[in-house]
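Shown next, in structure tokens, is the structure this report addresses.
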Amino acid sequence: GPPREQMIKATANRAASEAYAETFFKSNLRYLIEAHRARGQSAILVTQAANPSLVRKEGNDILVGGVHYGEWAVALDVMNEATRSVCLEHPADCHLIDLARELTFDPSDFYDLVHNTPQGARKIGDYLAEKLAPIMRPKAP
């Protein structure tokens, strides 16, 4: 991605995104996990990454390639944190695949903020296949 000095620290109302996550998003995730548990299934939750030339997290700072990405980038970070925390509340019934933290992207893996080029899609597919293999139960004959 671009050097850090070409990016700016995101300015956004993080508290508003966190309030939304607490009020709506986390309860929706818990509902989905419970719906799967009731059917004898596990939920699989995947965090979402963004184009590293437009959004990057360094420590507690969210850096963006333009002021107009700030709110979205902070909201994405809040939703990813909420996804992690809710899934970890239900270790028997939820598998977390932390793509946002674990998979390294290049700007060439994206067409825009979030849509992947064939190269980026292949990277995600290979990563998910590796993560899903130990989760999948063998089908009965």
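By order of appearance in the structure tokens: chains A, B, ..., then residues from 1 within every chain, and ligands from 1 in the order shown.
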
Set out as a Markdown table a contact list for range 8-75 of chain A and range 96-106 of chain A with a cut-off of 10 Å, giving each residue of range 8-75 of chain A that qualifies its closest atom pair and distance in Å to one decimal, counting only C-alpha atoms, ordered by chain and rising residue number.
```
| residue | atom | partner | partner_atom | distance |
| --- | --- | --- | --- | --- |
| A:Ala43 | CA | A:Leu96 | CA | 8.5 |
| A:Ile44 | CA | A:Leu96 | CA | 6.0 |
| A:Leu45 | CA | A:Leu96 | CA | 5.1 |
| A:Val46 | CA | A:Ile97 | CA | 4.7 |
| A:Thr47 | CA | A:Asp98 | CA | 5.2 |
| A:Gln48 | CA | A:Ala100 | CA | 5.2 |
| A:Ala49 | CA | A:Ala100 | CA | 4.4 |
| A:Ala50 | CA | A:Ala100 | CA | 7.9 |
| A:Asn51 | CA | A:Phe105 | CA | 7.3 |
| A:Pro52 | CA | A:Asp106 | CA | 6.6 |
| A:Ser53 | CA | A:Asp106 | CA | 7.8 |
| A:Lys57 | CA | A:Arg101 | CA | 9.5 |
```

Within 7 Å of range 18-35 of chain A, counting only C-alpha atoms, which residues show up once you throw out same-chain ones fewer than 4 positions away? Write them as a list of chain:residue names, please. A:Arg14, A:Arg39, A:Ala43, A:Val78, A:Met79, A:Ala82, A:Val86, A:Asp93, A:Cys94

For the selection you just gave me, I'd like the residues written to a file as a PDB file, in the first residue's frame, keeping N, CA, C and O atoms.
```pdb
ATOM      1  N   ARG A  14     -16.817   6.758  16.411  1.00  0.00           N
ATOM      2  CA  ARG A  14     -16.682   5.351  16.796  1.00  0.00           C
ATOM      3  C   ARG A  14     -17.768   4.965  17.804  1.00  0.00           C
ATOM      4  O   ARG A  14     -18.297   3.861  17.748  1.00  0.00           O
ATOM      5  N   ARG A  39     -30.160 -26.400  15.573  1.00  0.00           N
ATOM      6  CA  ARG A  39     -30.217 -27.395  14.499  1.00  0.00           C
ATOM      7  C   ARG A  39     -29.021 -28.348  14.550  1.00  0.00           C
ATOM      8  O   ARG A  39     -28.762 -29.074  13.595  1.00  0.00           O
ATOM      9  N   ALA A  43     -22.067 -22.115  13.768  1.00  0.00           N
ATOM     10  CA  ALA A  43     -21.968 -20.938  12.898  1.00  0.00           C
ATOM     11  C   ALA A  43     -20.501 -20.726  12.545  1.00  0.00           C
ATOM     12  O   ALA A  43     -19.608 -21.058  13.332  1.00  0.00           O
ATOM     13  N   VAL A  78     -15.220  -1.812  13.990  1.00  0.00           N
ATOM     14  CA  VAL A  78     -16.146  -2.100  15.094  1.00  0.00           C
ATOM     15  C   VAL A  78     -16.915  -3.399  14.829  1.00  0.00           C
ATOM     16  O   VAL A  78     -17.054  -4.239  15.727  1.00  0.00           O
ATOM     17  N   MET A  79     -17.396  -3.591  13.598  1.00  0.00           N
ATOM     18  CA  MET A  79     -18.143  -4.820  13.280  1.00  0.00           C
ATOM     19  C   MET A  79     -17.228  -6.049  13.367  1.00  0.00           C
ATOM     20  O   MET A  79     -17.643  -7.104  13.851  1.00  0.00           O
ATOM     21  N   ALA A  82     -16.782  -6.784  17.023  1.00  0.00           N
ATOM     22  CA  ALA A  82     -18.020  -7.375  17.557  1.00  0.00           C
ATOM     23  C   ALA A  82     -18.147  -8.824  17.108  1.00  0.00           C
ATOM     24  O   ALA A  82     -18.545  -9.696  17.902  1.00  0.00           O
ATOM     25  N   VAL A  86     -18.368 -11.819  19.916  1.00  0.00           N
ATOM     26  CA  VAL A  86     -19.574 -12.656  20.031  1.00  0.00           C
ATOM     27  C   VAL A  86     -19.239 -14.114  19.723  1.00  0.00           C
ATOM     28  O   VAL A  86     -19.690 -15.020  20.420  1.00  0.00           O
ATOM     29  N   ASP A  93     -20.218 -23.372  19.649  1.00  0.00           N
ATOM     30  CA  ASP A  93     -21.199 -23.210  18.582  1.00  0.00           C
ATOM     31  C   ASP A  93     -20.797 -22.216  17.504  1.00  0.00           C
ATOM     32  O   ASP A  93     -21.582 -21.916  16.603  1.00  0.00           O
ATOM     33  N   CYS A  94     -19.580 -21.663  17.590  1.00  0.00           N
ATOM     34  CA  CYS A  94     -19.164 -20.656  16.619  1.00  0.00           C
ATOM     35  C   CYS A  94     -17.692 -20.835  16.283  1.00  0.00           C
ATOM     36  O   CYS A  94     -16.857 -20.985  17.175  1.00  0.00           O
TER      37      CYS A  94
END
```

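We find CA of Ala75 in chain A and CA of Asp112 in chain A to be spaced 17.6 Å apart.
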
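Among the candidates A:Asn80, A:Ala121, A:Thr11, A:Pro91, the residue lying nearest to Val64 in chain A is A:Thr11 (atoms considered: only C-alpha atoms).
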
Surrounding residues of Met7 in chain A excluding itself and chain neighbours under 5 positions, 9 Å, only C-alpha atoms, as a short mmCIF file (atom, residue, chain, number, x, y, z; two decimals) with C-alpha atoms, in the first residue's frame:
```cif
data_model
loop_
_atom_site.label_atom_id
_atom_site.label_comp_id
_atom_site.auth_asym_id
_atom_site.auth_seq_id
_atom_site.Cartn_x
_atom_site.Cartn_y
_atom_site.Cartn_z
CA PRO A 2 0.96 3.65 0.01
CA SER A 53 -4.19 1.13 -0.06
CA LEU A 54 -7.41 2.73 1.27
CA VAL A 55 -7.82 1.34 4.81
CA ARG A 56 -5.17 0.11 7.22
CA LEU A 63 -5.55 4.97 8.61
CA VAL A 64 -7.43 5.82 5.42
CA GLY A 65 -6.51 6.93 1.92
CA GLY A 66 -9.08 9.71 1.99
#
```

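If you look at CA of Glu81 in chain A and CA of Pro118 in chain A, they are 27.5 Å away from each other.
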
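Straight-line separation from CA of Glu71 in chain A to CA of His115 in chain A: 18.3 Å.
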
Write down as number ranges by chain the residues belonging to range 39-139 of chain A that are assigned strand (DSSP E or B) by DSSP computed on the backbone. A: 43-46, 55-58, 61-64, 94-97, 110, 116

Write a file of the just-selected residues containing N, CA and C atoms, as a short mmCIF file (atom, residue, chain, number, x, y, z; two decimals), in the first residue's frame.
```cif
data_model
loop_
_atom_site.label_atom_id
_atom_site.label_comp_id
_atom_site.auth_asym_id
_atom_site.auth_seq_id
_atom_site.Cartn_x
_atom_site.Cartn_y
_atom_site.Cartn_z
N ALA A 43 -22.07 -22.12 13.77
CA ALA A 43 -21.97 -20.94 12.90
C ALA A 43 -20.50 -20.73 12.54
N ILE A 44 -20.26 -20.20 11.38
CA ILE A 44 -18.91 -19.82 10.95
C ILE A 44 -18.96 -18.34 10.61
N LEU A 45 -18.24 -17.53 11.37
CA LEU A 45 -18.23 -16.09 11.15
C LEU A 45 -16.86 -15.68 10.63
N VAL A 46 -16.86 -14.83 9.61
CA VAL A 46 -15.63 -14.40 8.94
C VAL A 46 -15.54 -12.88 9.02
N VAL A 55 -7.51 1.51 3.39
CA VAL A 55 -7.82 1.34 4.81
C VAL A 55 -6.75 0.45 5.43
N ARG A 56 -6.19 0.89 6.54
CA ARG A 56 -5.17 0.11 7.22
C ARG A 56 -5.30 0.34 8.72
N LYS A 57 -5.13 -0.72 9.51
CA LYS A 57 -5.13 -0.58 10.97
C LYS A 57 -3.71 -0.73 11.46
N GLU A 58 -3.26 0.23 12.23
CA GLU A 58 -1.94 0.18 12.85
C GLU A 58 -2.12 0.46 14.33
N ASP A 61 -4.94 2.81 15.71
CA ASP A 61 -5.28 3.80 14.69
C ASP A 61 -5.81 3.14 13.43
N ILE A 62 -6.82 3.74 12.85
CA ILE A 62 -7.32 3.35 11.54
C ILE A 62 -6.84 4.44 10.58
N LEU A 63 -6.05 4.03 9.60
CA LEU A 63 -5.55 4.97 8.61
C LEU A 63 -6.34 4.78 7.32
N VAL A 64 -6.64 5.89 6.65
CA VAL A 64 -7.43 5.82 5.42
C VAL A 64 -6.78 6.64 4.32
N CYS A 94 -19.58 -21.66 17.59
CA CYS A 94 -19.16 -20.66 16.62
C CYS A 94 -17.69 -20.84 16.28
N HIS A 95 -17.40 -20.82 15.00
CA HIS A 95 -16.02 -20.85 14.51
C HIS A 95 -15.71 -19.47 13.94
N LEU A 96 -14.67 -18.85 14.47
CA LEU A 96 -14.24 -17.55 13.96
C LEU A 96 -13.14 -17.76 12.92
N ILE A 97 -13.32 -17.17 11.76
CA ILE A 97 -12.28 -17.13 10.74
C ILE A 97 -11.90 -15.65 10.61
N PHE A 110 -7.57 -5.95 -5.09
CA PHE A 110 -8.86 -5.25 -5.04
C PHE A 110 -9.07 -4.41 -6.29
N ASN A 116 -12.91 -7.76 -4.87
CA ASN A 116 -11.64 -8.40 -5.20
C ASN A 116 -11.46 -8.69 -6.67
#
```

Using backbone DSSP assignments, extract all helix (DSSP H, G or I) residues from chain A; output them as number ranges by chain. A: 4-6, 14-38, 67-89, 99-102, 107-109, 118-132
